[in-house]
$ cat my_file.cif   # mmCIF, C-alpha atoms
data_target
#
loop_
_atom_site.label_atom_id
_atom_site.label_comp_id
_atom_site.auth_asym_id
_atom_site.auth_seq_id
_atom_site.Cartn_x
_atom_site.Cartn_y
_atom_site.Cartn_z
CA MET A 4 -67.35 39.35 112.52
CA GLY A 5 -67.78 37.97 109.04
CA ASP A 6 -64.93 40.18 107.65
CA ILE A 7 -62.01 38.27 106.28
CA GLU A 8 -59.73 41.29 106.40
CA ALA A 9 -56.56 41.09 108.33
CA PRO A 10 -56.20 43.45 111.28
CA ASN A 11 -53.41 45.31 109.42
CA ALA A 12 -55.32 45.85 106.18
CA ASN A 13 -53.90 49.35 105.68
CA PRO A 14 -50.44 49.23 104.10
CA PRO A 15 -47.79 51.10 106.07
CA ARG A 16 -47.21 54.62 104.84
CA PRO A 17 -43.68 55.46 103.76
CA ASN A 18 -41.91 57.92 105.97
CA VAL A 19 -42.26 61.47 104.66
CA LEU A 20 -38.65 62.27 105.48
CA LEU A 21 -37.42 59.40 103.33
CA SER A 22 -39.24 60.83 100.31
CA VAL A 23 -37.28 64.09 100.63
CA LEU A 24 -33.86 62.49 101.10
CA PRO A 25 -31.83 61.65 97.99
CA SER A 26 -31.91 58.09 96.77
CA LYS A 27 -29.04 55.78 97.66
CA GLU A 28 -27.99 55.53 93.99
CA PHE A 29 -27.74 59.30 93.62
CA ALA A 30 -26.09 59.83 97.01
CA SER A 31 -23.37 57.34 96.11
CA SER A 32 -22.73 58.89 92.69
CA ARG A 33 -19.95 61.43 92.14
CA LYS A 34 -22.39 64.31 91.64
CA GLY A 35 -24.40 63.29 94.70
CA MET A 36 -21.33 63.15 96.93
CA LEU A 37 -20.16 66.55 95.68
CA LEU A 38 -23.56 68.13 96.31
CA ILE A 39 -23.82 66.59 99.77
CA ALA A 40 -20.31 67.86 100.58
CA GLU A 41 -21.26 71.33 99.30
CA VAL A 42 -24.40 71.36 101.45
CA ALA A 43 -22.50 70.19 104.54
CA LEU A 44 -19.61 72.64 104.12
CA SER A 45 -21.94 75.54 103.37
CA PHE A 46 -23.94 74.73 106.50
CA VAL A 47 -20.87 74.47 108.73
CA SER A 48 -19.46 77.67 107.26
CA PHE A 49 -22.84 79.37 107.79
CA VAL A 50 -22.93 78.34 111.46
CA CYS A 51 -19.33 79.46 112.01
CA PHE A 52 -19.92 82.82 110.36
CA ALA A 53 -23.13 83.31 112.35
CA ALA A 54 -21.22 82.74 115.61
CA SER A 55 -18.28 84.96 114.68
CA THR A 56 -17.57 88.66 114.55
CA ALA A 57 -17.53 88.31 110.75
CA ALA A 58 -21.30 87.85 110.73
CA ALA A 59 -21.58 90.11 107.68
CA PHE A 60 -20.40 87.16 105.57
CA VAL A 61 -23.23 84.88 106.69
CA THR A 62 -25.25 85.55 103.53
CA VAL A 63 -22.88 83.80 101.13
CA PRO A 64 -22.90 80.37 102.82
CA LEU A 65 -26.66 80.62 103.33
CA LEU A 66 -27.35 81.31 99.66
CA GLU A 67 -24.97 78.58 98.53
CA LEU A 68 -26.55 76.17 101.02
CA LEU A 69 -29.99 76.88 99.60
CA ALA A 70 -28.80 76.63 95.98
CA ALA A 71 -26.98 73.35 96.64
CA LEU A 72 -30.02 71.96 98.49
CA PHE A 73 -32.26 72.89 95.56
CA LEU A 74 -29.99 71.19 93.04
CA LEU A 75 -29.54 68.18 95.31
CA PHE A 76 -33.32 67.86 95.45
CA ALA A 77 -33.70 68.46 91.70
CA TYR A 78 -31.09 65.90 90.69
CA SER A 79 -32.09 63.26 93.23
CA THR A 80 -35.79 63.38 92.33
CA LYS A 81 -35.01 63.69 88.60
CA PHE A 82 -36.83 67.02 88.59
CA ASN A 83 -34.30 68.23 86.02
CA GLU A 84 -35.46 65.61 83.52
CA ARG A 85 -38.99 67.00 83.54
CA PHE A 86 -37.86 70.52 82.62
CA LYS A 87 -35.62 70.01 79.61
CA GLY A 88 -35.87 73.61 78.45
CA PHE A 89 -33.97 74.79 81.50
CA LEU A 90 -30.19 74.55 81.14
CA TRP A 91 -29.40 72.59 84.32
CA PRO A 92 -25.70 71.93 83.65
CA LEU A 93 -25.04 75.58 82.86
CA THR A 94 -26.91 76.69 85.98
CA ASP A 95 -24.94 74.25 88.08
CA PHE A 96 -21.69 75.39 86.45
CA MET A 97 -22.39 79.08 87.12
CA ARG A 98 -23.38 78.30 90.71
CA CYS A 99 -20.14 76.44 91.32
CA VAL A 100 -17.95 79.09 89.69
CA SER A 101 -19.54 81.95 91.63
CA ALA A 102 -19.50 79.98 94.89
CA SER A 103 -15.84 79.05 94.60
CA ILE A 104 -14.79 82.63 93.84
CA ILE A 105 -16.91 84.21 96.57
CA PHE A 106 -16.05 81.57 99.18
CA PHE A 107 -12.36 82.11 98.41
CA ILE A 108 -12.65 85.88 98.86
CA ILE A 109 -14.61 85.79 102.12
CA SER A 110 -12.37 83.06 103.50
CA ILE A 111 -9.26 85.15 102.90
CA ILE A 112 -10.91 88.14 104.55
CA SER A 113 -12.20 86.19 107.54
CA VAL A 114 -8.87 84.48 108.20
CA SER A 115 -6.74 87.59 107.78
CA LYS A 116 -8.91 90.35 109.26
CA TYR A 117 -10.80 88.76 112.16
CA VAL A 118 -9.10 87.28 115.23
CA ASP A 119 -11.82 85.18 116.87
CA GLY A 120 -11.75 81.42 116.55
CA SER A 121 -15.09 81.03 114.81
CA SER A 122 -14.04 83.45 112.07
CA LYS A 123 -10.87 81.44 111.55
CA ALA A 124 -12.89 78.18 111.50
CA ALA A 125 -15.34 79.69 109.02
CA GLY A 126 -12.41 80.71 106.84
CA ILE A 127 -10.90 77.23 106.94
CA PHE A 128 -14.24 75.60 106.09
CA GLY A 129 -14.66 78.24 103.39
CA PHE A 130 -11.32 77.23 101.85
CA ILE A 131 -12.38 73.58 101.90
CA ALA A 132 -15.71 74.57 100.31
CA THR A 133 -13.78 76.53 97.67
CA ILE A 134 -11.88 73.37 96.74
CA ILE A 135 -15.08 71.29 96.57
CA PHE A 136 -16.93 73.88 94.47
CA ALA A 137 -13.89 74.27 92.18
CA LEU A 138 -13.69 70.49 91.73
CA ASP A 139 -17.39 70.41 90.89
CA PHE A 140 -17.15 73.15 88.28
CA TYR A 141 -14.05 71.51 86.79
CA LEU A 142 -15.92 68.22 86.39
CA ILE A 143 -18.99 69.98 84.98
CA PHE A 144 -16.77 71.87 82.53
CA ASN A 145 -15.18 68.63 81.34
CA GLU A 146 -18.62 67.08 80.83
CA LEU A 147 -19.81 70.15 78.91
CA ALA A 148 -16.65 70.17 76.76
CA ALA A 149 -17.03 66.47 75.96
CA PHE A 150 -20.67 67.02 75.09
CA LEU A 151 -19.83 69.92 72.78
CA LYS A 152 -17.07 67.91 71.06
CA GLN A 153 -19.48 65.03 70.57
CA GLY A 154 -22.13 67.44 69.24
CA ALA A 155 -19.70 69.02 66.77
CA GLY A 156 -18.92 65.62 65.25
CA GLU A 157 -22.58 64.79 64.60
CA SER A 158 -24.65 66.15 61.76
CA ALA A 159 -26.75 69.25 62.25
CA GLU A 160 -29.89 67.26 61.43
CA GLU A 161 -30.33 65.88 64.98
CA PRO A 162 -30.09 68.79 67.44
CA SER A 163 -32.79 67.46 69.78
CA GLY A 164 -31.11 64.06 70.16
CA ARG A 165 -27.94 65.64 71.49
CA GLN A 166 -29.83 67.49 74.23
CA ASP A 167 -31.47 64.26 75.37
CA GLU A 168 -28.11 62.45 75.51
CA PHE A 169 -26.64 65.15 77.74
CA SER A 170 -29.63 65.13 80.06
CA ASP A 171 -29.30 61.36 80.51
CA SER A 172 -25.59 61.54 81.31
CA ASP A 173 -26.19 64.47 83.67
CA SER A 174 -28.19 62.42 86.15
CA ASP A 175 -25.06 60.53 87.37
#
$ encode --input "my_file.cif" --output "structure tokens"
Amino acid sequence: MGDIEAPNANPPRPNVLLSVLPSKEFASSRKGMLLIAEVALSFVSFVCFAASTAAAFVTVPLLELLAALFLLFAYSTKFNERFKGFLWPLTDFMRCVSASIIFFIISIISVSKYVDGSSKAAGIFGFIATIIFALDFYLIFNELAAFLKQGAGESAEEPSGRQDEFSDSDSD
């Protein structure tokens, strides 16, 4: 009875789901929008392949979905800034190159060989995913090329400073 505490003394806990979702700043950035589009298209392609007679191709969208989700999480929580020894841009570049090539191949096969509607839909979404992944690896390549040109102009006395500059510009 003598307590002066307010009835709501405990601060409200933040929602756990909100801590997993990417921040609004990252989601509205170019890289965030590309990763969200890659996740969405990989998921839709996965569902279409799972429902089709071309179910043998379900592995590719699933693996790309998981890889894109991991990088979406890593970039949005700035996990990549804590592990500077890991080459995040190169990993992202190789993921995008392999995804665009493999999505293109399985999309051609699913559209041309299988006759059911879900195989055709998976192929169409695969072609759209190919374009998104190709756009992503093109943009990553341009950033890497600009970084290497900038690094070639500087003196060889500051190699660690160049790595930090690239990591900061990578979080966009």
$ resolve_selection --input "my_file.cif" --expression "the PyMOL selection byres ((chain A and resi 107) around 9)" --output "number ranges by chain"
A: 102-106, 108-112, 126, 129-130, 132-134
$ atom_distance --input "my_file.cif" --atom1 "CA of Gly88 (chain A)" --atom2 "CA of Glu28 (chain A)"
25.1 Å
$ atom_distance --input "my_file.cif" --atom1 "CA of Ala59 (chain A)" --atom2 "CA of Ala125 (chain A)"
12.2 Å
$ residues_around --input "my_file.cif" --residues "region 137-142 of chain A" --least-positions-apart "3" --cutoff "10 Å" --atoms "all atoms listed in the file" --output "PyMOL selection string"
chain A and resi 33-34+37-38+41+92-93+95-104+131-134+145-148
$ write_last_selection --input "my_file.cif" --atoms "C-alpha atoms" --output "PDB file, in the coordinates of the input"
ATOM      1  CA  ARG A  33     -19.950  61.430  92.140  1.00  0.00           C
ATOM      2  CA  LYS A  34     -22.390  64.310  91.640  1.00  0.00           C
ATOM      3  CA  LEU A  37     -20.160  66.550  95.680  1.00  0.00           C
ATOM      4  CA  LEU A  38     -23.560  68.130  96.310  1.00  0.00           C
ATOM      5  CA  GLU A  41     -21.260  71.330  99.300  1.00  0.00           C
ATOM      6  CA  PRO A  92     -25.700  71.930  83.650  1.00  0.00           C
ATOM      7  CA  LEU A  93     -25.040  75.580  82.860  1.00  0.00           C
ATOM      8  CA  ASP A  95     -24.940  74.250  88.080  1.00  0.00           C
ATOM      9  CA  PHE A  96     -21.690  75.390  86.450  1.00  0.00           C
ATOM     10  CA  MET A  97     -22.390  79.080  87.120  1.00  0.00           C
ATOM     11  CA  ARG A  98     -23.380  78.300  90.710  1.00  0.00           C
ATOM     12  CA  CYS A  99     -20.140  76.440  91.320  1.00  0.00           C
ATOM     13  CA  VAL A 100     -17.950  79.090  89.690  1.00  0.00           C
ATOM     14  CA  SER A 101     -19.540  81.950  91.630  1.00  0.00           C
ATOM     15  CA  ALA A 102     -19.500  79.980  94.890  1.00  0.00           C
ATOM     16  CA  SER A 103     -15.840  79.050  94.600  1.00  0.00           C
ATOM     17  CA  ILE A 104     -14.790  82.630  93.840  1.00  0.00           C
ATOM     18  CA  ILE A 131     -12.380  73.580 101.900  1.00  0.00           C
ATOM     19  CA  ALA A 132     -15.710  74.570 100.310  1.00  0.00           C
ATOM     20  CA  THR A 133     -13.780  76.530  97.670  1.00  0.00           C
ATOM     21  CA  ILE A 134     -11.880  73.370  96.740  1.00  0.00           C
ATOM     22  CA  ASN A 145     -15.180  68.630  81.340  1.00  0.00           C
ATOM     23  CA  GLU A 146     -18.620  67.080  80.830  1.00  0.00           C
ATOM     24  CA  LEU A 147     -19.810  70.150  78.910  1.00  0.00           C
ATOM     25  CA  ALA A 148     -16.650  70.170  76.760  1.00  0.00           C
TER      26      ALA A 148
END
$ residues_around --input "my_file.cif" --residues "Ser121 (chain A)" --least-positions-apart "2" --cutoff "8 Å" --atoms "only C-alpha atoms" --output "short mmCIF file (atom, residue, chain, number, x, y, z; two decimals) with C-alpha atoms, in the frame of the given file"
data_model
loop_
_atom_site.label_atom_id
_atom_site.label_comp_id
_atom_site.auth_asym_id
_atom_site.auth_seq_id
_atom_site.Cartn_x
_atom_site.Cartn_y
_atom_site.Cartn_z
CA CYS A 51 -19.33 79.46 112.01
CA PHE A 52 -19.92 82.82 110.36
CA ALA A 54 -21.22 82.74 115.61
CA SER A 55 -18.28 84.96 114.68
CA ASP A 119 -11.82 85.18 116.87
CA LYS A 123 -10.87 81.44 111.55
CA ALA A 124 -12.89 78.18 111.50
CA ALA A 125 -15.34 79.69 109.02
#
$ atom_distance --input "my_file.cif" --atom1 "CA of Lys81 (chain A)" --atom2 "CA of Leu68 (chain A)"
19.5 Å
$ residues_around --input "my_file.cif" --residues "Gly35 (chain A)" --least-positions-apart "5" --cutoff "8 Å" --atoms "all atoms listed in the file" --output "list of chain:residue names"
A:Phe29, A:Ala30, A:Leu75, A:Ser79, A:Asp175
$ closest_residue --input "my_file.cif" --among "A:Ala58, A:Ile127, A:Ile143, A:Val50" --to "Val114 (chain A)" --atoms "all atoms listed in the file"
A:Ile127
$ closest_residue --input "my_file.cif" --among "A:Ser32, A:Ser48, A:Phe136, A:Pro25" --to "Phe82 (chain A)" --atoms "only C-alpha atoms"
A:Pro25
$ closest_residue --input "my_file.cif" --among "A:Ser122, A:Ser31, A:Ser26, A:Thr62" --to "Ala77 (chain A)" --atoms "all atoms listed in the file"
A:Ser26
$ closest_residue --input "my_file.cif" --among "A:Ser115, A:Ile39, A:Phe49, A:Leu65" --to "Tyr78 (chain A)" --atoms "all atoms listed in the file"
A:Ile39
